[in-house]
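S.K.: For reference, the file protein17.txt (compact mmCIF, C-alpha atoms) is included below:
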```
# COMPACT_ATOMS: atom_id res chain seq x y z
CA MET A 13 25.25 34.28 -39.22
CA PHE A 14 23.08 31.18 -38.99
CA ARG A 15 20.90 32.82 -36.38
CA LEU A 16 20.37 35.76 -38.70
CA SER A 17 19.31 33.61 -41.65
CA ALA A 18 17.00 31.55 -39.44
CA GLN A 19 15.27 34.73 -38.39
CA THR A 20 14.81 35.94 -41.97
CA THR A 21 13.43 32.57 -43.01
CA ARG A 22 11.00 32.64 -40.13
CA GLN A 23 9.77 36.10 -41.07
CA ALA A 24 9.32 35.00 -44.67
CA VAL A 25 7.30 31.98 -43.56
CA GLN A 26 5.14 34.19 -41.36
CA ARG A 27 4.48 36.52 -44.29
CA ILE A 28 3.54 33.68 -46.63
CA ALA A 29 1.23 32.17 -44.03
CA VAL A 30 -0.59 35.46 -43.58
CA GLN A 31 -0.94 35.95 -47.32
CA ALA A 32 -2.20 32.42 -47.83
CA ARG A 33 -4.77 32.78 -45.11
CA TYR A 34 -5.95 36.04 -46.64
CA GLN A 35 -6.20 34.54 -50.12
CA SER A 36 -8.35 31.67 -48.94
CA THR A 37 -11.04 34.06 -47.71
CA GLN A 38 -11.54 35.77 -51.05
CA ALA A 39 -15.00 34.71 -52.09
CA SER A 40 -14.75 35.84 -55.69
CA ALA A 41 -12.20 33.20 -56.69
CA PRO A 42 -13.54 30.39 -58.86
CA LEU A 43 -14.30 27.18 -56.95
CA LYS A 44 -11.34 25.13 -58.15
CA ALA A 45 -8.84 27.91 -57.59
CA LYS A 46 -10.40 28.53 -54.22
CA ASN A 47 -9.93 24.91 -53.19
CA THR A 48 -6.32 24.99 -54.28
CA ALA A 49 -5.81 28.15 -52.33
CA MET A 50 -7.42 26.58 -49.27
CA VAL A 51 -5.16 23.57 -49.46
CA ALA A 52 -2.12 25.77 -49.97
CA ALA A 53 -3.15 27.93 -47.06
CA GLY A 54 -3.65 24.87 -44.88
CA VAL A 55 -0.27 23.46 -45.78
CA ALA A 56 1.45 26.79 -45.33
CA THR A 57 -0.23 27.45 -41.98
CA ALA A 58 0.53 23.99 -40.66
CA GLY A 59 4.11 24.33 -41.84
CA ALA A 60 4.45 27.75 -40.31
CA ILE A 61 3.04 26.61 -36.98
CA ALA A 62 5.37 23.62 -36.97
CA TYR A 63 8.28 25.85 -37.82
CA LEU A 64 7.45 28.49 -35.26
CA THR A 65 7.00 26.01 -32.43
CA MET A 66 10.25 24.24 -33.26
CA GLU A 67 13.18 24.86 -30.96
CA THR A 68 15.36 27.49 -32.47
CA VAL A 69 18.53 26.10 -33.90
CA ASP A 70 21.57 27.36 -32.09
CA ALA A 71 24.71 27.54 -34.13
CA ASN A 72 26.95 27.98 -31.13
CA MET A 73 27.73 24.29 -30.80
CA LEU A 74 30.98 24.79 -29.01
CA ALA A 75 29.45 26.56 -26.02
CA ASP A 76 26.49 24.17 -25.71
CA GLY A 77 28.29 21.02 -26.75
CA LEU A 78 27.66 19.16 -29.96
CA HIS A 79 24.32 17.38 -29.75
CA ALA A 80 24.99 13.65 -29.40
CA PRO A 81 23.45 11.56 -32.19
CA VAL A 82 20.63 9.26 -31.08
CA LEU A 83 21.96 5.70 -31.10
CA PRO A 84 19.88 2.52 -31.43
CA TRP A 85 20.40 1.19 -27.87
CA ASP A 86 18.50 -2.04 -27.78
CA HIS A 87 17.82 -1.79 -24.05
CA LYS A 88 15.72 1.28 -24.82
CA LYS A 89 13.10 -0.69 -26.69
CA PRO A 90 9.86 -0.82 -24.72
CA LEU A 91 9.99 -4.57 -24.07
CA ALA A 92 13.76 -5.15 -23.89
CA THR A 93 15.81 -5.85 -20.77
CA PHE A 94 19.44 -4.86 -20.45
CA ASP A 95 21.86 -7.09 -22.27
CA HIS A 96 23.41 -8.52 -19.13
CA ALA A 97 26.50 -9.78 -20.92
CA ALA A 98 27.13 -6.15 -21.91
CA VAL A 99 26.51 -5.02 -18.32
CA ARG A 100 29.16 -7.51 -17.19
CA ARG A 101 31.67 -6.29 -19.78
CA GLY A 102 30.80 -2.71 -18.89
CA TYR A 103 31.51 -3.38 -15.23
CA GLN A 104 34.92 -4.67 -16.24
CA VAL A 105 35.62 -1.45 -18.16
CA TYR A 106 34.41 0.66 -15.23
CA LYS A 107 36.55 -1.33 -12.80
CA GLU A 108 39.70 -1.35 -14.90
CA VAL A 109 39.48 2.15 -16.35
CA CYS A 110 36.96 4.61 -14.93
CA ALA A 111 37.24 3.52 -11.26
CA ALA A 112 40.72 5.05 -11.13
CA CYS A 113 39.08 8.48 -11.09
CA HIS A 114 35.29 8.11 -10.77
CA SER A 115 33.31 6.87 -7.78
CA LEU A 116 30.09 4.87 -8.09
CA ASP A 117 28.59 5.67 -4.71
CA ARG A 118 25.08 4.36 -5.17
CA ILE A 119 26.02 0.84 -6.21
CA ALA A 120 26.79 -1.76 -3.54
CA TRP A 121 28.51 -5.06 -4.26
CA ARG A 122 25.27 -6.90 -3.60
CA ASN A 123 23.62 -5.03 -6.48
CA LEU A 124 25.80 -6.94 -8.95
CA VAL A 125 24.64 -10.34 -7.71
CA GLY A 126 22.27 -11.91 -10.19
CA VAL A 127 22.76 -9.01 -12.60
CA SER A 128 26.27 -9.37 -13.94
CA HIS A 129 28.07 -11.73 -11.55
CA THR A 130 27.37 -14.73 -9.35
CA GLU A 131 27.30 -14.35 -5.59
CA ASN A 132 30.64 -16.08 -5.16
CA GLU A 133 32.31 -13.86 -7.74
CA VAL A 134 30.99 -10.71 -6.08
CA LYS A 135 32.06 -11.90 -2.62
CA ALA A 136 35.56 -12.49 -3.93
CA MET A 137 35.63 -9.06 -5.62
CA ALA A 138 34.40 -7.33 -2.45
CA GLU A 139 36.99 -9.07 -0.30
CA GLU A 140 39.79 -7.64 -2.40
CA ASN A 141 38.99 -4.22 -0.92
CA GLU A 142 39.63 -2.99 2.60
CA TYR A 143 36.92 -1.10 4.45
CA THR A 144 37.12 0.85 7.67
CA ASP A 145 34.65 -0.45 10.22
CA GLY A 146 34.04 -0.05 13.90
CA PRO A 147 34.27 1.09 16.54
CA ASN A 148 35.22 -2.20 18.25
CA ASP A 149 34.97 -3.04 21.99
CA VAL A 150 37.69 -0.59 22.89
CA GLY A 151 36.47 2.15 20.61
CA ASP A 152 38.97 1.78 17.79
CA MET A 153 38.18 1.73 14.11
CA PHE A 154 39.59 -1.24 12.26
CA GLN A 155 40.13 -2.46 8.72
CA ARG A 156 38.28 -5.48 7.38
CA PRO A 157 37.80 -7.03 3.95
CA GLY A 158 34.73 -5.89 2.05
CA LYS A 159 31.46 -7.78 2.09
CA LEU A 160 28.35 -7.83 -0.10
CA SER A 161 26.62 -5.00 1.75
CA ASP A 162 29.52 -2.55 1.26
CA TYR A 163 29.30 0.12 -1.40
CA MET A 164 31.80 0.48 -4.24
CA PRO A 165 35.09 1.89 -2.97
CA ARG A 166 35.96 5.47 -3.95
CA PRO A 167 39.18 6.34 -5.75
CA TYR A 168 39.73 9.51 -3.70
CA ALA A 169 39.12 10.22 -0.04
CA ASN A 170 37.54 13.63 -0.69
CA GLU A 171 36.85 16.26 -3.32
CA GLU A 172 40.07 18.17 -2.72
CA GLN A 173 42.15 15.06 -3.30
CA ALA A 174 40.13 14.27 -6.46
CA ARG A 175 40.69 17.76 -7.83
CA ALA A 176 44.36 17.75 -6.92
CA GLY A 177 44.78 14.50 -8.83
CA ASN A 178 43.04 15.84 -11.95
CA ALA A 179 44.48 19.30 -12.52
CA GLY A 180 41.60 20.97 -10.69
CA ALA A 181 38.76 19.13 -12.44
CA LEU A 182 36.45 16.98 -10.33
CA PRO A 183 35.58 13.58 -11.79
CA PRO A 184 31.84 13.34 -11.02
CA ASP A 185 30.21 10.30 -9.46
CA LEU A 186 28.96 8.02 -12.23
CA SER A 187 26.03 6.32 -10.45
CA LEU A 188 23.40 8.56 -11.99
CA MET A 189 25.47 10.04 -14.82
CA ILE A 190 23.17 8.65 -17.52
CA LYS A 191 20.21 10.45 -15.95
CA ALA A 192 22.19 13.56 -15.09
CA ARG A 193 23.19 14.62 -18.58
CA HIS A 194 21.12 15.81 -21.51
CA GLY A 195 21.24 12.99 -24.07
CA GLY A 196 21.94 10.35 -21.42
CA ALA A 197 23.53 7.21 -22.83
CA ASP A 198 24.00 8.83 -26.24
CA TYR A 199 25.96 11.66 -24.65
CA VAL A 200 28.25 9.45 -22.57
CA TYR A 201 29.00 7.22 -25.53
CA SER A 202 29.70 10.20 -27.79
CA LEU A 203 31.83 11.82 -25.11
CA LEU A 204 34.00 8.75 -24.66
CA THR A 205 34.48 8.25 -28.41
CA GLY A 206 34.46 11.92 -29.44
CA TYR A 207 38.01 13.02 -28.59
CA GLN A 208 39.84 14.68 -31.46
CA ASP A 209 42.38 17.38 -32.26
CA PRO A 210 41.01 20.88 -31.77
CA PRO A 211 40.02 22.52 -35.05
CA ALA A 212 42.09 25.41 -36.34
CA GLY A 213 41.66 28.57 -34.33
CA ILE A 214 40.66 26.91 -31.08
CA GLU A 215 43.15 27.06 -28.26
CA ILE A 216 42.99 24.34 -25.63
CA ARG A 217 44.66 25.16 -22.35
CA GLU A 218 47.40 22.90 -21.04
CA GLY A 219 45.86 19.95 -19.16
CA LEU A 220 42.51 20.18 -20.95
CA ASN A 221 41.39 18.16 -23.96
CA PHE A 222 39.20 18.97 -26.91
CA ASN A 223 35.89 17.13 -27.10
CA PRO A 224 33.11 18.69 -29.19
CA TYR A 225 30.37 16.92 -27.19
CA PHE A 226 31.45 18.50 -23.90
CA PRO A 227 29.87 21.94 -23.39
CA GLY A 228 32.64 24.43 -23.96
CA GLY A 229 34.73 21.90 -25.83
CA ALA A 230 37.55 21.72 -23.29
CA ILE A 231 37.25 18.81 -20.85
CA GLY A 232 39.47 17.91 -17.93
CA MET A 233 39.25 14.19 -18.65
CA ALA A 234 41.66 12.98 -21.31
CA ARG A 235 40.69 10.26 -23.75
CA VAL A 236 40.75 7.05 -21.71
CA LEU A 237 39.56 4.33 -24.09
CA TYR A 238 41.93 2.90 -26.70
CA ASP A 239 41.52 -0.27 -28.75
CA GLY A 240 42.59 -3.33 -26.79
CA LEU A 241 42.76 -1.57 -23.42
CA VAL A 242 40.94 -4.35 -21.59
CA GLU A 243 40.70 -8.03 -22.34
CA TYR A 244 37.13 -9.35 -22.29
CA GLU A 245 36.71 -12.86 -20.85
CA ASP A 246 33.97 -13.68 -23.37
CA GLY A 247 36.27 -12.97 -26.30
CA THR A 248 34.50 -9.83 -27.53
CA PRO A 249 37.08 -7.67 -29.36
CA ALA A 250 37.79 -4.71 -27.08
CA THR A 251 37.62 -1.87 -29.57
CA THR A 252 37.20 1.70 -28.34
CA SER A 253 33.58 1.81 -29.46
CA GLN A 254 32.81 -1.61 -27.96
CA MET A 255 34.20 -0.58 -24.58
CA ALA A 256 32.42 2.78 -24.72
CA LYS A 257 29.17 1.02 -25.56
CA ASP A 258 29.57 -1.59 -22.81
CA VAL A 259 30.48 0.89 -20.10
CA THR A 260 27.54 3.06 -21.17
CA VAL A 261 25.19 0.09 -20.85
CA PHE A 262 26.69 -0.63 -17.43
CA LEU A 263 26.14 2.97 -16.34
CA SER A 264 22.59 2.88 -17.74
CA TRP A 265 21.98 -0.12 -15.53
CA ALA A 266 23.58 1.65 -12.55
CA ALA A 267 21.29 4.65 -13.06
CA GLU A 268 18.20 2.49 -13.49
CA PRO A 269 18.75 -0.93 -11.92
CA GLU A 270 15.01 -1.50 -11.74
CA MET A 271 14.45 -1.11 -15.48
CA ASP A 272 14.05 -4.80 -16.33
CA ASP A 273 11.42 -5.36 -13.65
CA ARG A 274 9.70 -2.09 -14.40
CA LYS A 275 9.25 -2.92 -18.06
CA LYS A 276 8.00 -6.41 -17.29
CA MET A 277 5.50 -4.96 -14.81
CA GLY A 278 4.49 -2.45 -17.47
CA MET A 279 3.85 -5.18 -19.99
CA LYS A 280 1.66 -7.05 -17.50
CA ALA A 281 -0.20 -3.93 -16.46
CA VAL A 282 -0.95 -2.87 -20.02
CA THR A 283 -2.16 -6.37 -20.90
CA MET A 284 -4.38 -6.48 -17.85
CA LEU A 285 -5.80 -3.03 -18.51
CA ALA A 286 -6.50 -3.96 -22.13
CA ILE A 287 -8.45 -7.03 -20.99
CA LEU A 288 -10.38 -4.97 -18.44
CA THR A 289 -11.14 -2.29 -21.04
CA GLY A 290 -12.53 -4.98 -23.34
CA LEU A 291 -14.65 -6.36 -20.51
CA SER A 292 -16.05 -3.00 -19.54
CA VAL A 293 -16.90 -2.15 -23.14
CA TYR A 294 -18.73 -5.47 -23.39
CA LEU A 295 -20.55 -4.85 -20.13
CA LYS A 296 -21.62 -1.38 -21.21
CA ARG A 297 -22.99 -2.65 -24.48
CA HIS A 298 -24.70 -5.51 -22.69
CA LYS A 299 -26.43 -3.18 -20.25
CA TRP A 300 -27.36 -0.67 -22.89
CA ALA A 301 -28.54 -3.17 -25.49
CA SER A 302 -32.16 -3.01 -24.35
CA MET A 303 -32.06 0.77 -24.39
CA LYS A 304 -30.40 1.14 -27.72
CA THR A 305 -32.74 -1.26 -29.49
CA ARG A 306 -35.87 0.22 -28.02
CA LYS A 307 -37.98 2.10 -30.49
CA ILE A 308 -39.65 5.16 -29.13
CA LEU A 309 -42.41 6.37 -31.37
CA TYR A 310 -44.78 9.19 -30.97
CA ASN A 311 -47.95 9.15 -33.08
CA PRO A 312 -49.41 12.62 -33.07
CA PRO A 313 -53.17 12.59 -33.03
CA THR A 314 -54.44 13.09 -36.52
CA PRO A 315 -56.62 16.14 -36.77
CA LYS A 316 -60.20 15.19 -37.34
CA LYS A 317 -61.47 15.81 -40.80
CA HIS A 318 -64.78 17.50 -40.98
CA MET B 16 -40.39 -13.76 -15.64
CA PRO B 17 -38.68 -16.45 -17.67
CA VAL B 18 -40.10 -17.07 -21.08
CA LYS B 19 -41.15 -20.64 -21.67
CA SER B 20 -39.59 -20.96 -25.09
CA SER B 21 -36.09 -20.04 -23.85
CA ASN B 22 -36.10 -22.49 -20.92
CA ASN B 23 -34.51 -25.37 -22.72
CA THR B 24 -31.80 -23.80 -24.88
CA THR B 25 -28.23 -25.01 -24.34
CA ALA B 26 -27.16 -21.60 -23.05
CA ASN B 27 -29.97 -21.57 -20.56
CA ARG B 28 -29.17 -25.05 -19.31
CA PHE B 29 -25.51 -24.02 -18.82
CA ALA B 30 -26.49 -20.91 -16.99
CA ARG B 31 -28.76 -22.86 -14.67
CA ALA B 32 -26.11 -25.49 -13.97
CA GLY B 33 -23.61 -22.75 -13.23
CA TYR B 34 -26.02 -20.98 -10.95
CA ASN B 35 -26.91 -24.11 -9.05
CA THR B 36 -23.34 -25.31 -8.48
CA ILE B 37 -21.57 -22.00 -7.87
CA VAL B 38 -23.81 -19.12 -6.94
CA LYS B 39 -26.50 -20.78 -4.87
CA ARG B 40 -24.44 -21.26 -1.69
CA ASN B 41 -22.51 -18.22 -0.61
CA SER B 42 -19.68 -20.32 0.85
CA VAL B 43 -19.16 -22.04 -2.49
CA PHE B 44 -19.49 -18.75 -4.36
CA LEU B 45 -16.80 -17.03 -2.25
CA THR B 46 -14.47 -20.02 -2.39
CA THR B 47 -14.83 -20.11 -6.16
CA ILE B 48 -13.98 -16.41 -6.41
CA PHE B 49 -10.84 -16.73 -4.29
CA VAL B 50 -9.60 -19.94 -5.88
CA SER B 51 -10.15 -18.66 -9.39
CA ALA B 52 -8.49 -15.33 -8.56
CA PHE B 53 -5.37 -17.20 -7.45
CA ALA B 54 -5.51 -19.54 -10.41
CA MET B 55 -5.92 -16.69 -12.88
CA GLU B 56 -3.08 -14.75 -11.29
CA MET B 57 -0.74 -17.74 -11.47
CA ALA B 58 -1.71 -18.51 -15.05
CA PHE B 59 -1.39 -14.88 -16.13
CA ASP B 60 2.00 -14.48 -14.47
CA SER B 61 3.49 -17.65 -15.81
CA ILE B 62 2.26 -16.96 -19.34
CA SER B 63 3.55 -13.40 -19.35
CA ASP B 64 6.87 -14.51 -17.82
CA ARG B 65 7.21 -17.06 -20.58
CA ILE B 66 6.49 -14.42 -23.25
CA TRP B 67 8.90 -11.98 -21.58
CA ASP B 68 11.72 -14.51 -21.41
CA ASN B 69 11.11 -15.36 -25.03
CA ILE B 70 11.30 -11.73 -26.15
CA ASN B 71 14.52 -11.27 -24.18
CA LYS B 72 16.13 -14.60 -24.96
CA GLY B 73 19.89 -14.50 -24.31
CA ARG B 74 19.84 -11.06 -22.72
CA GLN B 75 18.95 -11.76 -19.10
CA TRP B 76 21.31 -12.92 -16.38
CA LYS B 77 19.66 -16.33 -16.10
CA ASP B 78 20.50 -16.92 -19.77
CA ILE B 79 24.21 -16.34 -19.25
CA ALA B 80 24.64 -17.35 -15.60
CA HIS B 81 25.61 -20.93 -16.49
CA LYS B 82 28.85 -19.63 -18.00
CA TYR B 83 30.08 -18.36 -14.66
CA GLU B 84 28.96 -21.03 -12.20
```
Write the structure described by the file as structure tokens, please.
M.R.:
Amino acid sequence: MFRLSAQTTRQAVQRIAVQARYQSTQASAPLKAKNTAMVAAGVATAGAIAYLTMETVDANMLADGLHAPVLPWDHKKPLATFDHAAVRRGYQVYKEVCAACHSLDRIAWRNLVGVSHTENEVKAMAEENEYTDGPNDVGDMFQRPGKLSDYMPRPYANEEQARAGNAGALPPDLSLMIKARHGGADYVYSLLTGYQDPPAGIEIREGLNFNPYFPGGAIGMARVLYDGLVEYEDGTPATTSQMAKDVTVFLSWAAEPEMDDRKKMGMKAVTMLAILTGLSVYLKRHKWASMKTRKILYNPPTPKKH
Amino acid sequence: MPVKSSNNTTANRFARAGYNTIVKRNSVFLTTIFVSAFAMEMAFDSISDRIWDNINKGRQWKDIAHKYE
């Protein structure tokens, strides 16, 4: 229905644009009217081009997933680092909630040092986990407490176990989740806070949950965040949206741990290039000054008068 | 071919002093280039770090680390 009306509108715009262009070429119109027609034609053409190059609006939001609203993440500003207090809170949410189902394979304990935790804290956290190491002198594998160089432990030994524990749905690894989904941080935040009852007429199979942001609307992950689920050590009230925001910031960091340094480098590089551009403009003008101020004059011989 | 009238301007005297102390001996010239490159780099880095830390006051780990040590 919406598709149909979009098409009719587009055809109408095309027609108007053609008419307007035609009108503007009529030479017989008086000057003032002609100018008005030109302006109108310009506006109509520009509008039509803008409209025609726009992505077509798709009304089938359920199949494609509701488009997540763009949120004002302050770590997305060109000169802003991550808010490391939020990264720390987000790690806590990941650890206490998401880690029960989702792995975080690309993050090692050492990556947290100097980002969200001190070295001693991370060592203690790593030691709480057992890792299989070896082989030892006699060829046996053995268990040892974790150390800084170990990667985050996985909740399930393999994919089959993960699926079996989640009614057939596989909880994906979250390391690069922010980069892996259209909408990135906005999507993950909206997904975590977007659970609701299915609207009338939509059947959700047993074991699935309705979430309009998830393509298809039926997601294997149930709502996991509820007000007060975790207790933040810095006293921040742990509302659903706060936890969703913090864990999204944490996952943004996990997907792009180099962001802080990259932006700082960028700032330095742009400053340096600006200075060098200024210098080269000056040098060019300096070198060309003698040329540009030179007056070249040709006096044609005056024909002799007889 | 220097012009007589411009020989004694302040700018000219500076330029000559600069030439005589820095450019005349190649060893001095090269040393000056290297030393000033290092000095500029250090100055540029520390100024931009200071600006960066000021923009991001309270957001970086070093701003909150004291709470956990």
S.K.: Which residue is closest to chain B? Choose from A:Arg166, A:Lys275, A:Arg193, A:Arg118 and count all atoms listed in the file.
M.R.: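 Closest candidate: A:Lys275.
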S.K.: Within 9 Å of (31.8, 9.4, -29.1) (file coordinates; only C-alpha atoms), which protein or nucleic acid residues are there? I'd like them as a tab-separated table (two decimals) with C-alpha atoms, keeping the file's coordinate frame.
M.R.:
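Output (part.tsv):
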```tsv
chain	number	residue	atom	x	y	z
A	80	ALA	CA	24.99	13.65	-29.40
A	198	ASP	CA	24.00	8.83	-26.24
A	199	TYR	CA	25.96	11.66	-24.65
A	200	VAL	CA	28.25	9.45	-22.57
A	201	TYR	CA	29.00	7.22	-25.53
A	202	SER	CA	29.70	10.20	-27.79
A	203	LEU	CA	31.83	11.82	-25.11
A	204	LEU	CA	34.00	8.75	-24.66
A	205	THR	CA	34.48	8.25	-28.41
A	206	GLY	CA	34.46	11.92	-29.44
A	207	TYR	CA	38.01	13.02	-28.59
A	223	ASN	CA	35.89	17.13	-27.10
A	225	TYR	CA	30.37	16.92	-27.19
A	253	SER	CA	33.58	1.81	-29.46
A	256	ALA	CA	32.42	2.78	-24.72
```
S.K.: What residues in chain A lie within 10 Å of chain B, counting all atoms listed in the file, written as a list in words?
M.R.: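 The selection requested is His87, Leu91, Ala92, Thr93, Phe94, Asp95, His96, Ala97, Ala98, Val99, Arg100, Val125, Gly126, Val127, Ser128, His129, Thr130, Glu131, Asn132, Glu133, Asp246, Asp272, Lys275, Lys276, Met277, Met279, Lys280, Thr283 and Met284 of chain A.
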S.K.: Return as AutoDock Vina command-line options the centre and edge lengths, in Å with one decimal, of the box along x, y and z that encloses every atom of stretch 266-273 of chain A in the file, padded by 3 Å per side.
M.R.:
```
--center_x 17.5 --center_y -0.4 --center_z -14.0 --size_x 18.2 --size_y 16.0 --size_z 10.6
```
S.K.: Please, what distance in Å, to one decimal, runs between atom CA of A:Thr260 and atom CA of A:Ile190?
M.R.: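 We find that atom CA of A:Thr260 and atom CA of A:Ile190 lie 8.0 Å from each other.
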S.K.: When distances are computed from only C-alpha atoms, which of A:Val105, A:Leu74, A:Leu309, A:Leu288 shows the smallest separation from A:Gln254?
M.R.: A:Val105
S.K.: Would you work out the distance separating atom CA of A:Arg235 from atom CA of A:Trp85, expressed in Å to one decimal?
M.R.: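 One can read the atom CA of A:Arg235 to atom CA of A:Trp85 distance as 22.6 Å.
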S.K.: In Å, rounded to a single decimal, give me how far atom CA of A:Leu237 is from atom CA of A:Tyr106.
M.R.: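 Spanning atom CA of A:Tyr106 to atom CA of A:Leu237 is a straight-line distance of 10.9 Å.
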S.K.: Ranking A:Pro249, A:Tyr244, A:Pro84, A:Cys113 by minimum distance to A:Gly232 and counting all atoms listed in the file, which one comes first?
M.R.: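 Once distances to A:Gly232 are computed over all atoms listed in the file, the minimum belongs to A:Cys113.
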S.K.: I need the residue nearest A:Asn178 from this list: A:Met233, A:Val242, A:Leu116, A:Ala266. Use only C-alpha atoms for the distance.
M.R.: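 Of A:Met233, A:Val242, A:Leu116, A:Ala266, the one nearest A:Asn178, counting only C-alpha atoms, is A:Met233.
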S.K.: Working from the structure I just supplied, which lacks atoms in stretch 77-84 of chain B, can you model all heavy atoms there and output them as a PDB file, in the coordinates of the input?
M.R.:
```
ATOM      1  N   LYS B  77      19.867 -14.879 -16.208  1.00  0.00           N
ATOM      2  CA  LYS B  77      19.660 -16.330 -16.100  1.00  0.00           C
ATOM      3  C   LYS B  77      20.048 -17.046 -17.387  1.00  0.00           C
ATOM      4  O   LYS B  77      20.294 -18.242 -17.381  1.00  0.00           O
ATOM      5  CB  LYS B  77      18.211 -16.634 -15.721  1.00  0.00           C
ATOM      6  CG  LYS B  77      17.183 -16.135 -16.701  1.00  0.00           C
ATOM      7  CD  LYS B  77      15.801 -16.475 -16.150  1.00  0.00           C
ATOM      8  CE  LYS B  77      14.743 -15.611 -16.789  1.00  0.00           C
ATOM      9  NZ  LYS B  77      13.544 -15.517 -15.992  1.00  0.00           N
ATOM     10  N   ASP B  78      20.100 -16.285 -18.508  1.00  0.00           N
ATOM     11  CA  ASP B  78      20.500 -16.920 -19.770  1.00  0.00           C
ATOM     12  C   ASP B  78      22.021 -17.083 -19.876  1.00  0.00           C
ATOM     13  O   ASP B  78      22.499 -17.907 -20.650  1.00  0.00           O
ATOM     14  CB  ASP B  78      20.016 -16.078 -20.958  1.00  0.00           C
ATOM     15  CG  ASP B  78      18.504 -15.922 -20.961  1.00  0.00           C
ATOM     16  OD1 ASP B  78      17.827 -16.860 -20.498  1.00  0.00           O
ATOM     17  OD2 ASP B  78      18.009 -14.875 -21.404  1.00  0.00           O
ATOM     18  N   ILE B  79      22.759 -16.244 -19.137  1.00  0.00           N
ATOM     19  CA  ILE B  79      24.210 -16.340 -19.250  1.00  0.00           C
ATOM     20  C   ILE B  79      24.867 -16.841 -17.970  1.00  0.00           C
ATOM     21  O   ILE B  79      26.063 -17.096 -17.947  1.00  0.00           O
ATOM     22  CB  ILE B  79      24.841 -14.977 -19.643  1.00  0.00           C
ATOM     23  CG1 ILE B  79      24.435 -13.883 -18.658  1.00  0.00           C
ATOM     24  CG2 ILE B  79      24.434 -14.574 -21.055  1.00  0.00           C
ATOM     25  CD1 ILE B  79      25.209 -12.583 -18.853  1.00  0.00           C
ATOM     26  N   ALA B  80      24.070 -16.988 -16.899  1.00  0.00           N
ATOM     27  CA  ALA B  80      24.640 -17.350 -15.600  1.00  0.00           C
ATOM     28  C   ALA B  80      25.427 -18.658 -15.655  1.00  0.00           C
ATOM     29  O   ALA B  80      26.446 -18.799 -14.981  1.00  0.00           O
ATOM     30  CB  ALA B  80      23.541 -17.445 -14.557  1.00  0.00           C
ATOM     31  N   HIS B  81      24.962 -19.606 -16.475  1.00  0.00           N
ATOM     32  CA  HIS B  81      25.610 -20.930 -16.490  1.00  0.00           C
ATOM     33  C   HIS B  81      27.073 -20.850 -16.888  1.00  0.00           C
ATOM     34  O   HIS B  81      27.866 -21.720 -16.564  1.00  0.00           O
ATOM     35  CB  HIS B  81      24.836 -21.862 -17.430  1.00  0.00           C
ATOM     36  CG  HIS B  81      24.846 -21.384 -18.855  1.00  0.00           C
ATOM     37  ND1 HIS B  81      25.831 -21.754 -19.748  1.00  0.00           N
ATOM     38  CD2 HIS B  81      24.026 -20.553 -19.519  1.00  0.00           C
ATOM     39  CE1 HIS B  81      25.598 -21.162 -20.908  1.00  0.00           C
ATOM     40  NE2 HIS B  81      24.504 -20.432 -20.801  1.00  0.00           N
ATOM     41  N   LYS B  82      27.452 -19.757 -17.576  1.00  0.00           N
ATOM     42  CA  LYS B  82      28.850 -19.630 -18.000  1.00  0.00           C
ATOM     43  C   LYS B  82      29.777 -19.340 -16.830  1.00  0.00           C
ATOM     44  O   LYS B  82      30.987 -19.500 -16.937  1.00  0.00           O
ATOM     45  CB  LYS B  82      28.986 -18.466 -18.989  1.00  0.00           C
ATOM     46  CG  LYS B  82      28.345 -18.699 -20.325  1.00  0.00           C
ATOM     47  CD  LYS B  82      28.798 -17.590 -21.282  1.00  0.00           C
ATOM     48  CE  LYS B  82      27.667 -17.213 -22.202  1.00  0.00           C
ATOM     49  NZ  LYS B  82      27.905 -15.925 -22.849  1.00  0.00           N
ATOM     50  N   TYR B  83      29.210 -18.840 -15.737  1.00  0.00           N
ATOM     51  CA  TYR B  83      30.080 -18.360 -14.660  1.00  0.00           C
ATOM     52  C   TYR B  83      29.914 -19.167 -13.381  1.00  0.00           C
ATOM     53  O   TYR B  83      30.430 -18.784 -12.358  1.00  0.00           O
ATOM     54  CB  TYR B  83      29.794 -16.884 -14.398  1.00  0.00           C
ATOM     55  CG  TYR B  83      29.876 -16.060 -15.656  1.00  0.00           C
ATOM     56  CD1 TYR B  83      28.732 -15.563 -16.261  1.00  0.00           C
ATOM     57  CD2 TYR B  83      31.107 -15.840 -16.263  1.00  0.00           C
ATOM     58  CE1 TYR B  83      28.807 -14.830 -17.430  1.00  0.00           C
ATOM     59  CE2 TYR B  83      31.193 -15.115 -17.437  1.00  0.00           C
ATOM     60  CZ  TYR B  83      30.041 -14.606 -18.012  1.00  0.00           C
ATOM     61  OH  TYR B  83      30.123 -13.895 -19.182  1.00  0.00           O
ATOM     62  N   GLU B  84      29.163 -20.272 -13.440  1.00  0.00           N
ATOM     63  CA  GLU B  84      28.960 -21.030 -12.200  1.00  0.00           C
ATOM     64  C   GLU B  84      29.793 -22.282 -12.126  1.00  0.00           C
ATOM     65  O   GLU B  84      30.457 -22.661 -13.064  1.00  0.00           O
ATOM     66  CB  GLU B  84      27.481 -21.363 -12.029  1.00  0.00           C
ATOM     67  CG  GLU B  84      26.839 -20.415 -11.029  1.00  0.00           C
ATOM     68  CD  GLU B  84      25.370 -20.142 -11.284  1.00  0.00           C
ATOM     69  OE1 GLU B  84      24.766 -20.842 -12.122  1.00  0.00           O
ATOM     70  OE2 GLU B  84      24.858 -19.203 -10.650  1.00  0.00           O
TER      71      GLU B  84
END
```
